[in-house]
Amino acid sequence: MTAVAQATGNSQVRVLSSEAREANIRVIVGVGPDAAPWQCITYGDGTTEGIMSLTDEGFL
């Protein structure tokens, strides 16, 4: 969640869902007061990648 907060510039981040995959976890978080959906991939070593907004993909 820290990586998403840094990428979005918004500290209001909460986990909406997560889905385990082979070597990583896909995490969907809500950002801001309206909980705009963002996703990122997290790894066991604590690193993240693929931080991106889902609002342009038909989720809102």
# chains A, B, ... in the order shown; residues from 1 in each chain; ligands from 1
$ residues_around --residues "Ala3 in chain A" --least-positions-apart "3" --cutoff "9 Å" --atoms "only C-alpha atoms" --output "VMD selection string"
chain A and resid 6 to 8 40 47 to 49 51
$ select_by_dssp --residues "chain A" --states "helix (DSSP H, G or I)" --output "short mmCIF file (atom, residue, chain, number, x, y, z; two decimals) with N, CA and C atoms, in the first residue's frame"
data_model
loop_
_atom_site.label_atom_id
_atom_site.label_comp_id
_atom_site.auth_asym_id
_atom_site.auth_seq_id
_atom_site.Cartn_x
_atom_site.Cartn_y
_atom_site.Cartn_z
N THR A 2 2.03 1.16 0.61
CA THR A 2 2.92 2.31 0.63
C THR A 2 3.33 2.70 -0.79
N ALA A 3 3.60 1.72 -1.64
CA ALA A 3 4.01 2.01 -3.02
C ALA A 3 2.90 2.70 -3.79
N VAL A 4 1.65 2.27 -3.57
CA VAL A 4 0.52 2.92 -4.25
C VAL A 4 0.34 4.33 -3.73
N ALA A 5 0.46 4.53 -2.43
CA ALA A 5 0.33 5.87 -1.86
C ALA A 5 1.39 6.80 -2.43
N GLN A 6 2.61 6.31 -2.58
CA GLN A 6 3.67 7.12 -3.17
C GLN A 6 3.40 7.42 -4.63
N ALA A 7 2.93 6.43 -5.39
CA ALA A 7 2.68 6.61 -6.82
C ALA A 7 1.52 7.56 -7.08
N THR A 8 0.50 7.53 -6.20
CA THR A 8 -0.68 8.36 -6.42
C THR A 8 -0.62 9.69 -5.70
N THR A 55 -9.44 2.87 -13.32
CA THR A 55 -10.60 3.67 -13.70
C THR A 55 -10.77 3.79 -15.20
N ASP A 56 -9.69 3.64 -15.96
CA ASP A 56 -9.79 3.73 -17.42
C ASP A 56 -10.05 2.38 -18.07
N GLU A 57 -10.27 1.33 -17.26
CA GLU A 57 -10.45 0.00 -17.80
C GLU A 57 -11.87 -0.52 -17.57
#
$ atom_distance --atom1 "CA of Asn10 in chain A" --atom2 "CA of Gly44 in chain A"
24.4 Å
$ atom_distance --atom1 "CA of Gly9 in chain A" --atom2 "CA of Arg26 in chain A"
20.6 Å
$ residues_around --residues "Leu54 in chain A" --least-positions-apart "6" --cutoff "12 Å" --atoms "only C-alpha atoms" --output "MDAnalysis selection string"
chainID A and resid 27:31 35:40 60
$ write_last_selection --atoms "all heavy atoms" --output "compact mmCIF listing (two decimals), in the first residue's frame"
# COMPACT_ATOMS: atom_id res chain seq x y z
N VAL A 27 -3.03 -7.18 -6.03
CA VAL A 27 -3.75 -6.46 -4.99
C VAL A 27 -4.52 -5.32 -5.63
O VAL A 27 -3.97 -4.54 -6.40
CB VAL A 27 -2.78 -5.91 -3.93
CG1 VAL A 27 -3.54 -5.15 -2.85
CG2 VAL A 27 -1.97 -7.04 -3.31
N ILE A 28 -5.81 -5.23 -5.31
CA ILE A 28 -6.64 -4.11 -5.74
C ILE A 28 -6.86 -3.24 -4.51
O ILE A 28 -7.29 -3.72 -3.47
CB ILE A 28 -8.01 -4.57 -6.28
CG1 ILE A 28 -7.85 -5.61 -7.39
CG2 ILE A 28 -8.83 -3.37 -6.75
CD1 ILE A 28 -7.22 -5.11 -8.65
N VAL A 29 -6.52 -1.96 -4.64
CA VAL A 29 -6.70 -1.04 -3.52
C VAL A 29 -7.62 0.10 -3.94
O VAL A 29 -7.76 0.40 -5.12
CB VAL A 29 -5.34 -0.47 -3.03
CG1 VAL A 29 -4.46 -1.57 -2.50
CG2 VAL A 29 -4.65 0.32 -4.12
N GLY A 30 -8.25 0.72 -2.96
CA GLY A 30 -9.06 1.91 -3.18
C GLY A 30 -8.26 3.12 -2.73
O GLY A 30 -7.69 3.11 -1.63
N VAL A 31 -8.20 4.15 -3.56
CA VAL A 31 -7.42 5.34 -3.26
C VAL A 31 -8.35 6.54 -3.12
O VAL A 31 -9.21 6.76 -3.97
CB VAL A 31 -6.37 5.61 -4.36
CG1 VAL A 31 -5.60 6.89 -4.08
CG2 VAL A 31 -5.41 4.43 -4.49
N ALA A 35 -12.44 5.83 -3.03
CA ALA A 35 -11.83 4.49 -3.20
C ALA A 35 -11.64 4.13 -4.67
O ALA A 35 -12.00 3.05 -5.12
CB ALA A 35 -12.65 3.43 -2.48
N ALA A 36 -11.07 5.07 -5.45
CA ALA A 36 -10.79 4.81 -6.86
C ALA A 36 -9.89 3.58 -6.96
O ALA A 36 -8.87 3.49 -6.27
CB ALA A 36 -10.10 6.01 -7.50
N PRO A 37 -10.25 2.60 -7.80
CA PRO A 37 -9.49 1.35 -7.83
C PRO A 37 -8.15 1.45 -8.56
O PRO A 37 -8.07 1.96 -9.66
CB PRO A 37 -10.43 0.39 -8.56
CG PRO A 37 -11.28 1.27 -9.42
CD PRO A 37 -11.41 2.57 -8.68
N TRP A 38 -7.12 0.95 -7.90
CA TRP A 38 -5.78 0.81 -8.46
C TRP A 38 -5.35 -0.62 -8.21
O TRP A 38 -5.86 -1.28 -7.30
CB TRP A 38 -4.80 1.76 -7.78
CG TRP A 38 -4.94 3.19 -8.20
CD1 TRP A 38 -6.01 4.01 -7.98
CD2 TRP A 38 -3.99 3.97 -8.91
NE1 TRP A 38 -5.78 5.25 -8.50
CE2 TRP A 38 -4.54 5.25 -9.08
CE3 TRP A 38 -2.72 3.70 -9.41
CZ2 TRP A 38 -3.86 6.27 -9.75
CZ3 TRP A 38 -2.05 4.72 -10.07
CH2 TRP A 38 -2.61 5.98 -10.24
N GLN A 39 -4.41 -1.09 -8.97
CA GLN A 39 -3.88 -2.44 -8.74
C GLN A 39 -2.36 -2.41 -8.76
O GLN A 39 -1.76 -1.52 -9.35
CB GLN A 39 -4.37 -3.43 -9.78
CG GLN A 39 -3.67 -3.34 -11.11
CD GLN A 39 -4.00 -4.50 -12.03
OE1 GLN A 39 -4.79 -5.37 -11.71
NE2 GLN A 39 -3.40 -4.51 -13.20
N CYS A 40 -1.78 -3.39 -8.10
CA CYS A 40 -0.34 -3.60 -8.19
C CYS A 40 -0.06 -5.07 -7.94
O CYS A 40 -0.90 -5.81 -7.43
CB CYS A 40 0.45 -2.72 -7.24
SG CYS A 40 0.25 -3.10 -5.51
N LEU A 60 -15.07 1.65 -13.25
CA LEU A 60 -15.90 2.68 -12.64
C LEU A 60 -16.90 3.19 -13.65
O LEU A 60 -16.71 3.13 -14.80
CB LEU A 60 -15.06 3.85 -12.13
CG LEU A 60 -14.36 3.64 -10.82
CD1 LEU A 60 -13.61 4.92 -10.44
CD2 LEU A 60 -15.29 3.28 -9.70
$ select_by_dssp --residues "chain A" --states "strand (DSSP E or B)" --output "PyMOL selection string"
chain A and resi 13-20+24-31+36-43+48-53
$ write_last_selection --atoms "N, CA, C and O atoms" --output "short mmCIF file (atom, residue, chain, number, x, y, z; two decimals), in the first residue's frame"
data_model
loop_
_atom_site.label_atom_id
_atom_site.label_comp_id
_atom_site.auth_asym_id
_atom_site.auth_seq_id
_atom_site.Cartn_x
_atom_site.Cartn_y
_atom_site.Cartn_z
N VAL A 13 -5.28 4.97 1.26
CA VAL A 13 -5.24 3.74 0.46
C VAL A 13 -5.71 2.59 1.34
O VAL A 13 -5.25 2.44 2.46
N ARG A 14 -6.65 1.79 0.82
CA ARG A 14 -7.09 0.61 1.57
C ARG A 14 -7.25 -0.56 0.61
O ARG A 14 -7.59 -0.38 -0.57
N VAL A 15 -6.98 -1.76 1.11
CA VAL A 15 -7.08 -2.96 0.28
C VAL A 15 -8.54 -3.30 0.03
O VAL A 15 -9.34 -3.37 0.97
N LEU A 16 -8.90 -3.48 -1.24
CA LEU A 16 -10.25 -3.89 -1.61
C LEU A 16 -10.31 -5.40 -1.84
O LEU A 16 -11.29 -6.04 -1.51
N SER A 17 -9.25 -5.96 -2.44
CA SER A 17 -9.19 -7.40 -2.67
C SER A 17 -7.77 -7.80 -3.01
O SER A 17 -6.94 -6.96 -3.34
N SER A 18 -7.50 -9.09 -2.92
CA SER A 18 -6.20 -9.61 -3.35
C SER A 18 -6.41 -11.00 -3.92
O SER A 18 -7.36 -11.70 -3.55
N GLU A 19 -5.54 -11.37 -4.83
CA GLU A 19 -5.66 -12.66 -5.53
C GLU A 19 -4.27 -13.26 -5.69
O GLU A 19 -3.39 -12.65 -6.30
N ALA A 20 -4.04 -14.41 -5.09
CA ALA A 20 -2.74 -15.07 -5.19
C ALA A 20 -2.57 -15.67 -6.58
O ALA A 20 -3.48 -16.28 -7.12
N ASN A 24 3.33 -14.37 -7.06
CA ASN A 24 3.01 -13.01 -6.66
C ASN A 24 1.56 -12.90 -6.24
O ASN A 24 0.80 -13.86 -6.33
N ILE A 25 1.18 -11.73 -5.79
CA ILE A 25 -0.19 -11.46 -5.39
C ILE A 25 -0.67 -10.20 -6.09
O ILE A 25 0.02 -9.16 -6.06
N ARG A 26 -1.79 -10.27 -6.75
CA ARG A 26 -2.41 -9.10 -7.37
C ARG A 26 -3.28 -8.45 -6.31
O ARG A 26 -4.18 -9.08 -5.75
N VAL A 27 -3.03 -7.18 -6.03
CA VAL A 27 -3.75 -6.46 -4.99
C VAL A 27 -4.52 -5.32 -5.63
O VAL A 27 -3.97 -4.54 -6.40
N ILE A 28 -5.81 -5.23 -5.31
CA ILE A 28 -6.64 -4.11 -5.74
C ILE A 28 -6.86 -3.24 -4.51
O ILE A 28 -7.29 -3.72 -3.47
N VAL A 29 -6.52 -1.96 -4.64
CA VAL A 29 -6.70 -1.04 -3.52
C VAL A 29 -7.62 0.10 -3.94
O VAL A 29 -7.76 0.40 -5.12
N GLY A 30 -8.25 0.72 -2.96
CA GLY A 30 -9.06 1.91 -3.18
C GLY A 30 -8.26 3.12 -2.73
O GLY A 30 -7.69 3.11 -1.63
N VAL A 31 -8.20 4.15 -3.56
CA VAL A 31 -7.42 5.34 -3.26
C VAL A 31 -8.35 6.54 -3.12
O VAL A 31 -9.21 6.76 -3.97
N ALA A 36 -11.07 5.07 -5.45
CA ALA A 36 -10.79 4.81 -6.86
C ALA A 36 -9.89 3.58 -6.96
O ALA A 36 -8.87 3.49 -6.27
N PRO A 37 -10.25 2.60 -7.80
CA PRO A 37 -9.49 1.35 -7.83
C PRO A 37 -8.15 1.45 -8.56
O PRO A 37 -8.07 1.96 -9.66
N TRP A 38 -7.12 0.95 -7.90
CA TRP A 38 -5.78 0.81 -8.46
C TRP A 38 -5.35 -0.62 -8.21
O TRP A 38 -5.86 -1.28 -7.30
N GLN A 39 -4.41 -1.09 -8.97
CA GLN A 39 -3.88 -2.44 -8.74
C GLN A 39 -2.36 -2.41 -8.76
O GLN A 39 -1.76 -1.52 -9.35
N CYS A 40 -1.78 -3.39 -8.10
CA CYS A 40 -0.34 -3.60 -8.19
C CYS A 40 -0.06 -5.07 -7.94
O CYS A 40 -0.90 -5.81 -7.43
N ILE A 41 1.10 -5.50 -8.33
CA ILE A 41 1.58 -6.86 -8.07
C ILE A 41 2.60 -6.77 -6.95
O ILE A 41 3.49 -5.93 -6.98
N THR A 42 2.48 -7.64 -5.95
CA THR A 42 3.44 -7.67 -4.86
C THR A 42 4.13 -9.02 -4.85
O THR A 42 3.55 -10.03 -5.23
N TYR A 43 5.37 -9.02 -4.40
CA TYR A 43 6.19 -10.23 -4.34
C TYR A 43 6.56 -10.53 -2.89
O TYR A 43 6.49 -9.66 -2.02
N THR A 48 7.17 -4.32 -5.31
CA THR A 48 5.92 -4.19 -6.08
C THR A 48 6.24 -3.76 -7.50
O THR A 48 7.30 -3.22 -7.78
N GLU A 49 5.29 -4.00 -8.39
CA GLU A 49 5.40 -3.50 -9.76
C GLU A 49 4.00 -3.39 -10.36
O GLU A 49 3.03 -3.90 -9.81
N GLY A 50 3.91 -2.72 -11.48
CA GLY A 50 2.65 -2.63 -12.19
C GLY A 50 1.58 -1.79 -11.52
O GLY A 50 0.40 -2.07 -11.66
N ILE A 51 1.99 -0.74 -10.79
CA ILE A 51 1.01 0.11 -10.12
C ILE A 51 0.27 0.91 -11.18
O ILE A 51 0.88 1.66 -11.94
N MET A 52 -1.05 0.71 -11.26
CA MET A 52 -1.81 1.40 -12.29
C MET A 52 -3.26 1.61 -11.89
O MET A 52 -3.83 0.83 -11.13
N SER A 53 -3.84 2.66 -12.41
CA SER A 53 -5.24 2.98 -12.17
C SER A 53 -6.12 2.03 -12.97
O SER A 53 -5.80 1.69 -14.10
#
$ decode --residues "chain A" --atoms "C-alpha atoms" --output "PDB file, in the first residue's frame"
ATOM      1  CA  MET A   1       0.000   0.000   0.000  1.00  0.00           C
ATOM      2  CA  THR A   2       2.925   2.308   0.628  1.00  0.00           C
ATOM      3  CA  ALA A   3       4.011   2.010  -3.019  1.00  0.00           C
ATOM      4  CA  VAL A   4       0.520   2.918  -4.254  1.00  0.00           C
ATOM      5  CA  ALA A   5       0.333   5.870  -1.856  1.00  0.00           C
ATOM      6  CA  GLN A   6       3.674   7.123  -3.166  1.00  0.00           C
ATOM      7  CA  ALA A   7       2.677   6.609  -6.821  1.00  0.00           C
ATOM      8  CA  THR A   8      -0.681   8.360  -6.415  1.00  0.00           C
ATOM      9  CA  GLY A   9       0.372  11.043  -3.950  1.00  0.00           C
ATOM     10  CA  ASN A  10      -2.584  10.069  -1.755  1.00  0.00           C
ATOM     11  CA  SER A  11      -2.186   8.456   1.670  1.00  0.00           C
ATOM     12  CA  GLN A  12      -5.817   7.279   1.779  1.00  0.00           C
ATOM     13  CA  VAL A  13      -5.241   3.741   0.462  1.00  0.00           C
ATOM     14  CA  ARG A  14      -7.090   0.613   1.566  1.00  0.00           C
ATOM     15  CA  VAL A  15      -7.076  -2.958   0.284  1.00  0.00           C
ATOM     16  CA  LEU A  16     -10.254  -3.893  -1.606  1.00  0.00           C
ATOM     17  CA  SER A  17      -9.193  -7.400  -2.666  1.00  0.00           C
ATOM     18  CA  SER A  18      -6.205  -9.612  -3.349  1.00  0.00           C
ATOM     19  CA  GLU A  19      -5.656 -12.657  -5.525  1.00  0.00           C
ATOM     20  CA  ALA A  20      -2.743 -15.071  -5.186  1.00  0.00           C
ATOM     21  CA  ARG A  21      -1.006 -16.082  -8.375  1.00  0.00           C
ATOM     22  CA  GLU A  22       2.049 -18.268  -8.934  1.00  0.00           C
ATOM     23  CA  ALA A  23       4.867 -16.220  -7.415  1.00  0.00           C
ATOM     24  CA  ASN A  24       3.012 -13.010  -6.663  1.00  0.00           C
ATOM     25  CA  ILE A  25      -0.194 -11.464  -5.385  1.00  0.00           C
ATOM     26  CA  ARG A  26      -2.410  -9.097  -7.373  1.00  0.00           C
ATOM     27  CA  VAL A  27      -3.749  -6.463  -4.995  1.00  0.00           C
ATOM     28  CA  ILE A  28      -6.636  -4.110  -5.737  1.00  0.00           C
ATOM     29  CA  VAL A  29      -6.701  -1.037  -3.522  1.00  0.00           C
ATOM     30  CA  GLY A  30      -9.059   1.910  -3.180  1.00  0.00           C
ATOM     31  CA  VAL A  31      -7.415   5.343  -3.258  1.00  0.00           C
ATOM     32  CA  GLY A  32      -8.892   8.519  -1.829  1.00  0.00           C
ATOM     33  CA  PRO A  33     -12.298   9.199  -0.338  1.00  0.00           C
ATOM     34  CA  ASP A  34     -14.082   7.613  -3.333  1.00  0.00           C
ATOM     35  CA  ALA A  35     -11.834   4.494  -3.202  1.00  0.00           C
ATOM     36  CA  ALA A  36     -10.785   4.809  -6.862  1.00  0.00           C
ATOM     37  CA  PRO A  37      -9.489   1.346  -7.830  1.00  0.00           C
ATOM     38  CA  TRP A  38      -5.782   0.808  -8.459  1.00  0.00           C
ATOM     39  CA  GLN A  39      -3.875  -2.438  -8.740  1.00  0.00           C
ATOM     40  CA  CYS A  40      -0.338  -3.604  -8.194  1.00  0.00           C
ATOM     41  CA  ILE A  41       1.578  -6.859  -8.075  1.00  0.00           C
ATOM     42  CA  THR A  42       3.442  -7.673  -4.862  1.00  0.00           C
ATOM     43  CA  TYR A  43       6.191 -10.228  -4.336  1.00  0.00           C
ATOM     44  CA  GLY A  44       7.339 -12.186  -1.305  1.00  0.00           C
ATOM     45  CA  ASP A  45      10.416  -9.987  -0.913  1.00  0.00           C
ATOM     46  CA  GLY A  46       8.208  -6.898  -0.419  1.00  0.00           C
ATOM     47  CA  THR A  47       8.773  -5.357  -3.845  1.00  0.00           C
ATOM     48  CA  THR A  48       5.920  -4.195  -6.076  1.00  0.00           C
ATOM     49  CA  GLU A  49       5.397  -3.500  -9.762  1.00  0.00           C
ATOM     50  CA  GLY A  50       2.645  -2.633 -12.194  1.00  0.00           C
ATOM     51  CA  ILE A  51       1.012   0.113 -10.117  1.00  0.00           C
ATOM     52  CA  MET A  52      -1.811   1.398 -12.289  1.00  0.00           C
ATOM     53  CA  SER A  53      -5.240   2.977 -12.173  1.00  0.00           C
ATOM     54  CA  LEU A  54      -8.187   0.781 -13.099  1.00  0.00           C
ATOM     55  CA  THR A  55     -10.605   3.669 -13.699  1.00  0.00           C
ATOM     56  CA  ASP A  56      -9.793   3.729 -17.421  1.00  0.00           C
ATOM     57  CA  GLU A  57     -10.454  -0.004 -17.801  1.00  0.00           C
ATOM     58  CA  GLY A  58     -14.200  -0.021 -17.222  1.00  0.00           C
ATOM     59  CA  PHE A  59     -14.136  -0.596 -13.479  1.00  0.00           C
ATOM     60  CA  LEU A  60     -15.902   2.681 -12.640  1.00  0.00           C
TER      61      LEU A  60
END
